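**Q** So here's work.cif, just mmCIF, C-alpha atoms and all ligand atoms:
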data_run
loop_
_atom_site.label_atom_id
_atom_site.label_comp_id
_atom_site.auth_asym_id
_atom_site.auth_seq_id
_atom_site.Cartn_x
_atom_site.Cartn_y
_atom_site.Cartn_z
CA MET A 1 58.07 79.59 -12.34
CA SER A 2 55.21 80.57 -14.64
CA THR A 3 55.40 79.31 -18.21
CA GLU A 4 55.70 82.93 -19.38
CA ASP A 5 58.99 83.37 -17.55
CA PRO A 6 62.26 82.81 -19.32
CA ALA A 7 64.30 79.92 -17.93
CA THR A 8 66.64 80.58 -15.03
CA ILE A 9 70.28 80.84 -16.00
CA GLU A 10 72.58 79.09 -13.52
CA PRO A 11 76.33 78.73 -13.48
CA SER A 12 76.45 75.33 -11.85
CA GLY A 13 73.01 73.89 -11.18
CA ILE A 14 74.11 70.36 -12.06
CA ASP A 15 71.82 68.72 -9.50
CA SER A 16 68.68 70.47 -10.68
CA ALA A 17 69.73 69.92 -14.31
CA VAL A 18 69.93 66.19 -13.66
CA GLU A 19 66.52 66.22 -12.00
CA HIS A 20 64.96 68.07 -14.94
CA LEU A 21 66.52 65.68 -17.46
CA ARG A 22 65.44 62.57 -15.54
CA ASN A 23 61.90 63.97 -15.48
CA GLY A 24 61.78 64.42 -19.24
CA ARG A 25 62.39 68.18 -19.25
CA LEU A 26 64.90 70.11 -21.35
CA VAL A 27 68.13 71.69 -20.10
CA ALA A 28 70.42 73.91 -22.17
CA PHE A 29 74.11 73.44 -21.43
CA PRO A 30 77.42 74.79 -22.71
CA THR A 31 79.75 72.76 -24.87
CA GLU A 32 83.04 74.04 -26.27
CA THR A 33 81.41 74.40 -29.71
CA VAL A 34 77.97 75.96 -29.08
CA TYR A 35 75.23 75.62 -26.44
CA GLY A 36 73.10 72.48 -26.73
CA LEU A 37 69.42 71.91 -25.94
CA GLY A 38 69.59 68.66 -23.98
CA GLY A 39 66.99 66.00 -23.32
CA ASP A 40 67.05 62.33 -22.30
CA ALA A 41 67.86 60.50 -25.56
CA THR A 42 66.24 57.30 -24.33
CA SER A 43 62.87 58.99 -23.84
CA ASP A 44 60.51 59.47 -26.80
CA LEU A 45 58.75 62.21 -24.85
CA SER A 46 61.95 64.20 -24.17
CA VAL A 47 63.08 63.87 -27.77
CA THR A 48 59.67 65.01 -29.03
CA ARG A 49 59.96 68.05 -26.75
CA ILE A 50 63.36 68.93 -28.27
CA PHE A 51 61.94 68.91 -31.81
CA ALA A 52 58.95 70.98 -30.66
CA ALA A 53 61.03 73.56 -28.75
CA LYS A 54 63.29 74.14 -31.76
CA GLU A 55 60.47 73.84 -34.33
CA ARG A 56 62.85 71.43 -36.00
CA PRO A 57 61.74 69.17 -38.87
CA ARG A 58 61.37 65.62 -37.56
CA PHE A 59 63.54 64.15 -40.34
CA ASN A 60 66.65 65.98 -39.09
CA PRO A 61 68.32 63.69 -36.53
CA LEU A 62 70.01 64.78 -33.29
CA ILE A 63 73.54 64.34 -31.93
CA ILE A 64 73.82 62.11 -28.84
CA HIS A 65 76.22 63.38 -26.16
CA LEU A 66 78.14 61.01 -23.91
CA PRO A 67 80.86 61.42 -21.26
CA ASP A 68 83.33 58.79 -22.53
CA VAL A 69 84.11 56.17 -25.14
CA ALA A 70 82.79 53.30 -23.00
CA ALA A 71 79.35 54.96 -23.04
CA VAL A 72 79.59 55.52 -26.80
CA ARG A 73 80.44 51.86 -27.42
CA ASN A 74 77.17 50.82 -25.73
CA LEU A 75 75.21 52.54 -28.49
CA VAL A 76 77.09 52.22 -31.79
CA VAL A 77 79.41 49.89 -33.70
CA PHE A 78 82.88 51.34 -33.24
CA ASP A 79 85.45 50.54 -35.96
CA ASP A 80 89.22 51.19 -36.17
CA ARG A 81 88.78 54.58 -37.82
CA ALA A 82 86.41 55.65 -35.06
CA LYS A 83 88.86 54.45 -32.42
CA ARG A 84 91.74 56.36 -33.97
CA LEU A 85 89.71 59.56 -34.24
CA ALA A 86 88.37 59.17 -30.71
CA ASP A 87 91.90 58.72 -29.33
CA LEU A 88 93.05 61.88 -31.05
CA PHE A 89 90.08 64.24 -30.93
CA TRP A 90 87.70 63.27 -28.11
CA PRO A 91 86.62 64.98 -26.02
CA GLY A 92 86.24 67.66 -28.69
CA ALA A 93 84.51 69.26 -31.66
CA LEU A 94 84.00 66.06 -33.64
CA THR A 95 80.74 64.14 -34.17
CA LEU A 96 80.87 60.63 -35.62
CA VAL A 97 77.95 59.01 -37.45
CA LEU A 98 78.16 55.25 -36.83
CA PRO A 99 75.84 52.24 -37.18
CA ARG A 100 73.39 51.83 -34.26
CA ARG A 101 73.86 48.66 -32.29
CA PRO A 102 70.83 46.37 -32.33
CA ASP A 103 70.48 46.84 -28.55
CA CYS A 104 70.92 50.64 -28.73
CA ARG A 105 68.53 52.25 -26.25
CA VAL A 106 68.38 55.69 -27.85
CA SER A 107 64.90 56.68 -29.07
CA LEU A 108 64.48 56.10 -32.81
CA LEU A 109 62.89 59.54 -32.99
CA ALA A 110 66.29 61.04 -32.07
CA SER A 111 67.94 59.51 -35.12
CA ALA A 112 64.91 60.19 -37.31
CA GLY A 113 64.42 56.48 -37.92
CA LEU A 114 67.88 56.03 -39.47
CA ASP A 115 69.98 52.96 -38.65
CA SER A 116 72.91 55.25 -37.82
CA LEU A 117 73.53 57.48 -34.81
CA ALA A 118 75.56 60.68 -34.45
CA VAL A 119 77.65 60.63 -31.25
CA ARG A 120 79.97 63.14 -29.59
CA ILE A 121 81.97 63.53 -26.37
CA PRO A 122 82.10 67.26 -25.57
CA ALA A 123 85.12 68.75 -23.77
CA HIS A 124 83.47 71.58 -21.83
CA PRO A 125 83.85 70.82 -18.09
CA LEU A 126 80.19 71.64 -17.32
CA ALA A 127 79.01 69.36 -20.13
CA GLN A 128 81.31 66.62 -18.83
CA GLN A 129 79.99 67.02 -15.27
CA LEU A 130 76.40 66.98 -16.44
CA LEU A 131 76.78 63.90 -18.65
CA ARG A 132 78.54 61.96 -15.89
CA ALA A 133 75.98 62.96 -13.27
CA VAL A 134 72.91 62.15 -15.37
CA GLY A 135 74.21 58.76 -16.50
CA ARG A 136 72.05 58.69 -19.63
CA PRO A 137 72.75 59.56 -23.28
CA ILE A 138 71.71 63.17 -23.87
CA ALA A 139 70.32 64.25 -27.24
CA ALA A 140 71.32 67.86 -27.88
CA PRO A 141 70.95 69.92 -31.01
CA SER A 142 72.21 73.48 -30.92
CA ALA A 143 69.96 75.49 -28.58
CA ASN A 144 68.46 77.79 -31.22
CA ARG A 145 65.19 77.74 -33.10
CA SER A 146 65.53 75.79 -36.34
CA GLY A 147 67.21 77.67 -39.19
CA ARG A 148 68.73 80.34 -36.98
CA VAL A 149 72.22 81.09 -35.76
CA SER A 150 73.57 78.77 -33.02
CA PRO A 151 73.97 80.27 -29.51
CA THR A 152 77.44 80.75 -28.05
CA THR A 153 76.36 82.31 -24.72
CA ALA A 154 73.65 81.53 -22.15
CA ALA A 155 71.97 84.86 -22.97
CA HIS A 156 71.69 83.84 -26.65
CA VAL A 157 69.92 80.65 -25.54
CA ARG A 158 67.44 82.64 -23.47
CA ASP A 159 66.78 84.97 -26.43
CA GLU A 160 66.12 81.94 -28.66
CA LEU A 161 64.14 79.65 -26.41
CA ALA A 162 62.86 81.65 -23.40
CA ASP A 163 60.34 79.42 -21.60
CA ARG A 164 60.83 76.46 -23.95
CA VAL A 165 63.70 75.23 -21.78
CA SER A 166 63.51 74.46 -18.04
CA LEU A 167 67.05 75.48 -17.11
CA ILE A 168 70.08 77.04 -18.79
CA LEU A 169 73.50 76.14 -17.40
CA ASP A 170 75.84 79.09 -17.89
CA GLY A 171 79.41 78.16 -18.79
CA GLY A 172 80.39 81.49 -20.33
CA PRO A 173 81.09 82.08 -24.04
CA CYS A 174 81.93 78.96 -26.09
CA ARG A 175 85.63 78.52 -26.83
CA VAL A 176 85.28 77.15 -30.40
CA GLY A 177 82.16 79.05 -31.46
CA LEU A 178 81.24 76.79 -34.43
CA GLU A 179 79.32 73.52 -34.29
CA SER A 180 81.22 70.23 -34.34
CA THR A 181 82.50 68.66 -37.55
CA VAL A 182 80.12 65.83 -38.52
CA LEU A 183 81.84 62.82 -40.10
CA ASP A 184 79.89 59.84 -41.47
CA LEU A 185 81.72 56.55 -40.93
CA THR A 186 78.89 54.22 -41.96
CA GLY A 187 80.36 53.72 -45.46
CA GLU A 188 83.70 52.45 -46.70
CA MET A 189 84.86 56.00 -47.37
CA ALA A 190 84.55 58.56 -44.57
CA CYS A 191 82.27 61.41 -45.59
CA LEU A 192 82.27 64.94 -44.20
CA LEU A 193 78.60 65.85 -43.66
CA ARG A 194 79.27 69.19 -41.99
CA PRO A 195 82.55 71.11 -41.73
CA GLY A 196 82.95 72.43 -38.19
CA GLY A 197 85.18 73.09 -35.22
CA LEU A 198 87.71 70.38 -36.14
CA ALA A 199 89.44 71.07 -39.47
CA GLN A 200 89.13 68.48 -42.27
CA ALA A 201 92.92 68.39 -42.64
CA ALA A 202 93.32 67.15 -39.05
CA ILE A 203 90.91 64.28 -39.75
CA GLU A 204 92.64 63.38 -43.03
CA ALA A 205 96.01 63.33 -41.30
CA ALA A 206 94.58 60.68 -38.98
CA ILE A 207 92.55 58.40 -41.29
CA GLY A 208 93.33 59.44 -44.88
CA PRO A 209 91.14 61.13 -47.50
CA VAL A 210 87.60 62.12 -46.64
CA MET A 211 84.92 62.86 -49.24
CA ARG A 212 82.70 65.93 -49.03
CA ALA A 213 78.90 65.68 -48.97
CA GLN A 214 77.31 68.17 -51.36
CA PRO A 215 74.82 70.53 -49.74
CA ILE A 216 71.37 69.63 -51.01
CA ALA A 217 68.67 72.18 -51.79
CA ASP A 218 65.62 72.01 -49.56
CA GLY A 219 63.04 69.72 -51.13
CA ALA A 220 65.59 67.42 -52.79
CA VAL A 221 66.39 63.93 -51.50
CA ARG A 222 68.42 64.37 -48.34
CA LEU A 223 71.44 62.22 -47.72
CA GLY A 224 72.88 64.56 -45.11
CA PRO A 225 69.62 65.37 -43.36
CA GLY A 226 70.71 68.71 -41.93
CA MET A 227 72.32 70.03 -45.08
CA MET A 228 69.57 72.32 -46.34
CA THR A 229 71.12 75.30 -48.03
CA SER A 230 69.48 78.09 -46.04
CA HIS A 231 70.38 77.76 -42.38
CA TYR A 232 72.26 79.55 -39.64
CA ALA A 233 70.56 82.68 -40.88
CA PRO A 234 70.15 86.06 -39.18
CA GLY A 235 67.02 88.06 -40.06
CA LEU A 236 68.88 90.57 -42.26
CA PRO A 237 70.22 89.75 -45.73
CA VAL A 238 73.88 88.73 -45.69
CA ARG A 239 76.35 89.74 -48.47
CA LEU A 240 79.62 87.80 -48.73
CA GLU A 241 83.09 88.68 -50.11
CA ALA A 242 82.29 92.35 -49.49
CA THR A 243 85.00 94.86 -50.37
CA ASP A 244 82.80 97.89 -49.73
CA ALA A 245 79.83 98.84 -47.55
CA ARG A 246 76.59 99.86 -49.27
CA PRO A 247 74.33 102.46 -47.66
CA GLY A 248 72.70 101.07 -44.51
CA GLU A 249 74.81 97.92 -44.38
CA ALA A 250 76.72 96.86 -41.27
CA PHE A 251 80.28 95.95 -42.28
CA LEU A 252 81.82 92.92 -40.59
CA ALA A 253 85.60 92.90 -40.96
CA PHE A 254 88.15 90.07 -40.96
CA GLY A 255 91.59 91.62 -40.65
CA ALA A 256 92.37 95.09 -42.03
CA PRO A 257 89.24 96.68 -43.56
CA PRO A 258 89.36 98.32 -47.02
CA ALA A 259 90.49 101.96 -46.98
CA GLY A 260 87.80 104.37 -45.81
CA ILE A 261 85.48 101.76 -44.28
CA VAL A 262 84.73 101.78 -40.57
CA PRO A 263 83.66 98.24 -39.61
CA ALA A 264 80.62 97.81 -37.34
CA LEU A 265 82.44 94.81 -35.84
CA GLN A 266 85.69 92.94 -36.30
CA LEU A 267 85.96 89.10 -36.34
CA SER A 268 89.73 89.08 -35.86
CA VAL A 269 92.10 92.04 -36.16
CA ASP A 270 94.93 89.64 -37.03
CA GLY A 271 92.88 87.67 -39.55
CA ASP A 272 93.01 84.54 -37.37
CA PRO A 273 90.28 82.03 -38.35
CA VAL A 274 90.24 80.43 -34.88
CA GLU A 275 89.48 83.79 -33.27
CA ALA A 276 86.99 84.62 -36.04
CA ALA A 277 85.11 81.35 -35.42
CA GLN A 278 84.83 82.24 -31.73
CA HIS A 279 83.24 85.61 -32.53
CA LEU A 280 81.22 84.74 -35.65
CA PHE A 281 77.76 83.88 -34.28
CA ALA A 282 77.79 86.56 -31.59
CA ALA A 283 78.72 89.11 -34.27
CA LEU A 284 75.89 88.02 -36.59
CA ARG A 285 73.45 88.32 -33.70
CA ALA A 286 74.78 91.71 -32.63
CA LEU A 287 74.47 93.15 -36.16
CA ASP A 288 71.02 91.69 -36.83
CA ARG A 289 69.27 94.95 -35.95
CA PRO A 290 66.58 97.06 -37.63
CA GLU A 291 68.84 100.10 -38.04
CA PHE A 292 70.81 98.16 -40.65
CA THR A 293 69.57 97.02 -44.07
CA GLY A 294 71.98 94.10 -44.35
CA ILE A 295 75.28 92.62 -43.17
CA ALA A 296 78.31 92.83 -45.49
CA ILE A 297 81.14 90.45 -44.63
CA MET A 298 84.74 90.58 -45.84
CA PRO A 299 86.24 87.54 -47.62
CA ILE A 300 87.64 84.85 -45.32
CA PRO A 301 90.26 82.37 -46.65
CA GLU A 302 89.27 78.67 -46.71
CA ASP A 303 92.27 77.53 -44.62
CA GLY A 304 91.72 75.66 -41.35
CA LEU A 305 88.48 76.73 -39.67
CA GLY A 306 87.90 79.14 -42.60
CA ALA A 307 86.15 76.30 -44.46
CA ALA A 308 83.57 75.87 -41.69
CA ILE A 309 83.14 79.64 -41.25
CA ASN A 310 82.48 80.04 -44.99
CA ASP A 311 80.07 77.08 -44.95
CA ARG A 312 77.99 78.84 -42.27
CA LEU A 313 78.21 82.19 -44.05
CA ARG A 314 77.08 80.72 -47.39
CA ARG A 315 74.06 79.23 -45.62
CA ALA A 316 73.39 82.53 -43.88
CA ALA A 317 73.48 84.25 -47.29
CA ALA A 318 71.49 81.61 -49.21
CA PRO A 319 68.02 82.43 -50.59
CA ARG A 320 65.43 81.76 -47.89
O1 LIG A 401 78.63 71.26 -31.92
C1 LIG A 401 77.60 70.63 -32.11
O2 LIG A 401 77.56 69.65 -32.88
C2 LIG A 401 76.35 71.05 -31.33
C3 LIG A 401 76.61 70.81 -29.85
C4 LIG A 401 75.42 71.14 -29.01
O3 LIG A 401 77.02 69.47 -29.66
N1 LIG A 401 75.19 70.34 -31.80
C5 LIG A 401 74.65 70.56 -33.02
O4 LIG A 401 73.51 69.80 -33.28
O5 LIG A 401 75.11 71.34 -33.83
P1 LIG A 401 72.52 70.10 -34.50
O6 LIG A 401 71.33 69.26 -34.24
O7 LIG A 401 72.29 71.54 -34.63
O8 LIG A 401 73.27 69.50 -35.74
C6 LIG A 401 73.41 68.10 -35.88
C7 LIG A 401 73.83 67.74 -37.26
C8 LIG A 401 72.72 67.97 -38.25
O9 LIG A 401 73.28 68.48 -39.45
C9 LIG A 401 72.17 66.55 -38.45
O10 LIG A 401 71.53 66.39 -39.68
C10 LIG A 401 73.41 65.70 -38.33
O11 LIG A 401 74.15 66.34 -37.30
N2 LIG A 401 73.11 64.32 -37.94
C11 LIG A 401 72.65 63.89 -36.74
N3 LIG A 401 72.44 62.55 -36.77
C12 LIG A 401 72.78 62.12 -38.00
C13 LIG A 401 72.77 60.85 -38.65
N4 LIG A 401 72.39 59.75 -38.02
N5 LIG A 401 73.17 60.80 -39.94
C14 LIG A 401 73.58 61.93 -40.58
N6 LIG A 401 73.60 63.17 -40.02
C15 LIG A 401 73.20 63.26 -38.75
MG MG A 402 71.90 73.39 -35.25
#
Reformat the file's structure so that it appears as structure tokens.
Ligand code: TXA
Ligand code: MG
**A**
Amino acid sequence: MSTEDPATIEPSGIDSAVEHLRNGRLVAFPTETVYGLGGDATSDLSVTRIFAAKERPRFNPLIIHLPDVAAVRNLVVFDDRAKRLADLFWPGALTLVLPRRPDCRVSLLASAGLDSLAVRIPAHPLAQQLLRAVGRPIAAPSANRSGRVSPTTAAHVRDELADRVSLILDGGPCRVGLESTVLDLTGEMACLLRPGGLAQAAIEAAIGPVMRAQPIADGAVRLGPGMMTSHYAPGLPVRLEATDARPGEAFLAFGAPPAGIVPALQLSVDGDPVEAAQHLFAALRALDRPEFTGIAIMPIPEDGLGAAINDRLRRAAAPR
């Protein structure tokens, strides 16, 4: 394969994926949330390649993917809250930030020098197979270039990364469609760093109240390293809470559109936030085209996954 060629997309190339990963190369793989750009988390070289492929700032740490709780416990200090959440929600769309164990073998570059580590057990069967077969912790940010919309199909990954990834495992469209919920358990009070595919209410039902990290403007001191305001952004300007379509705008509907407006795309005819989450990133990509001047999006209620959808949309609409 020449370096100009886009990566091969394979439905089930687990063996070659394992070989690439063991040799320090990058493999994109499906999870139930979004596609990840995987590399060996114990290798400084692999981790450096992930940051380079994404053009990601080095201070923004990566999530470490593992097949089961036993593997997680080798890397981080696991408390009662973590155990309760793991029992209920893993494998699934939840990432926990926990203290690194002193003997943790994950590259410090992956956690950007922090003494904590973000860990997740994904549910997608291909991700599970891959993680079991490779037998190493896999660092995997979303498989998009930094600042852009996360990929929810193998074709999106190829559009984003082309030859910057050695292999793309194709597991079809992602079931959840939004990145995992990131919960920081390093302090006394659990702190939601990023709303995502698991609703805050489900977490609070399990471990009690959770505080919300405030998004921090780029340039300010960063407590939640990935919380820059502008992110997840298509190329076109995005207008939120739209009740009309201005000339040239593509109108993205959620439920019944206002009278007289023909939507360019629909997130969910029934106004279901779970279905809307599934379609959100593919819709933003599909409408990000030169024949439009912008993307106008109908209001979406904050209930359930609505909170995470609106978080992504506010970042997509934020000043660049
Ligand atoms: O659903 C997902 O979470 C996907 C799939 C591939 O697992 N991954 C993903 O990774 O969205 P990424 O790199 O795009 O987002 C990781 C988020 C960032 O906001 C990052 O700042 C935060 O997790 N994070 C990672 N390690 C952290 C740490 N030690 N402390 C605080 N935040 C951390
Ligand atoms: Mg990302």
**Q** Quick one: residues within 10 Å of Arg25 in chain A, all atoms listed in the file, excluding same-chain residues fewer than 5 positions away - as a list in words?
**A**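 What passes the distance filter is Ala17, Val18, Glu19, His20, Gly38, Gly39, Asp40, Leu45, Ser46, Val47, Arg49, Ile50, Arg164, Val165, Ser166 and Leu167 of chain A.
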**Q** Taking only C-alpha atoms and all ligand atoms into account, name the residue in A:Arg320, A:Lys83, A:Arg175, A:Arg73 that is nearest to ligand LIG 401 (chain A).
**A**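 Checking each of A:Arg320, A:Lys83, A:Arg175, A:Arg73 against ligand LIG 401 (chain A), counting only C-alpha atoms and all ligand atoms, the winner is A:Arg175.
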**Q** Show me, as a list in words, the residues that have an atom within 9 Å of Arg148 in chain A when counting all atoms listed in the file, minus same-chain residues fewer than 3 positions from it.
**A**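 Close residues of Arg148 in chain A: Asn144, Arg145, Glu160, His231, Tyr232, Ala233, Pro234, Gly235 and Ala316 of chain A.
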**Q** Residues of the last selection are to be written out with C-alpha atoms, as a short mmCIF file (atom, residue, chain, number, x, y, z; two decimals), in the coordinates of the input.
**A**
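Okay, this is what ended up in part_29.cif:
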data_model
loop_
_atom_site.label_atom_id
_atom_site.label_comp_id
_atom_site.auth_asym_id
_atom_site.auth_seq_id
_atom_site.Cartn_x
_atom_site.Cartn_y
_atom_site.Cartn_z
CA ASN A 144 68.46 77.79 -31.22
CA ARG A 145 65.19 77.74 -33.10
CA GLU A 160 66.12 81.94 -28.66
CA HIS A 231 70.38 77.76 -42.38
CA TYR A 232 72.26 79.55 -39.64
CA ALA A 233 70.56 82.68 -40.88
CA PRO A 234 70.15 86.06 -39.18
CA GLY A 235 67.02 88.06 -40.06
CA ALA A 316 73.39 82.53 -43.88
#
**Q** Throw together the list of residues within 7 Å of ligand MG 402 (chain A), counting all atoms listed in the file, and drop it here as an MDAnalysis selection string.
**A** chainID A and resid 141:142 144 146 150
**Q** Hey, can I get the axis-aligned box for ligand LIG 401 (chain A)? All listed atoms, 6 Å padding on each side, centre and edge lengths in Å to one decimal, as AutoDock Vina command-line options.
**A**
--center_x 75.0 --center_y 65.6 --center_z -34.8 --size_x 19.3 --size_y 23.8 --size_z 23.6
**Q** Could you jot down the CA of Arg194 in chain A to CA of Arg239 in chain A separation for me, Å, one decimal place?
**A**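 For CA of Arg194 in chain A relative to CA of Arg239 in chain A, the distance reads 21.7 Å.
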**Q** Go through the chains and note each residue within 6 Å of ligand LIG 401 (chain A), using all atoms listed in the file, then give the set as number ranges by chain.
**A** A: 33-36, 60-63, 97, 111, 116-118, 140-142, 179-180, 224-227
**Q** Of the residues A:Leu88, A:Leu126, A:Val134, A:Ala71, which is the one nearest to Asp170 in chain A, using all atoms listed in the file?
**A**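 Going through A:Leu88, A:Leu126, A:Val134, A:Ala71 one by one, the smallest distance to Asp170 in chain A is for A:Leu126.
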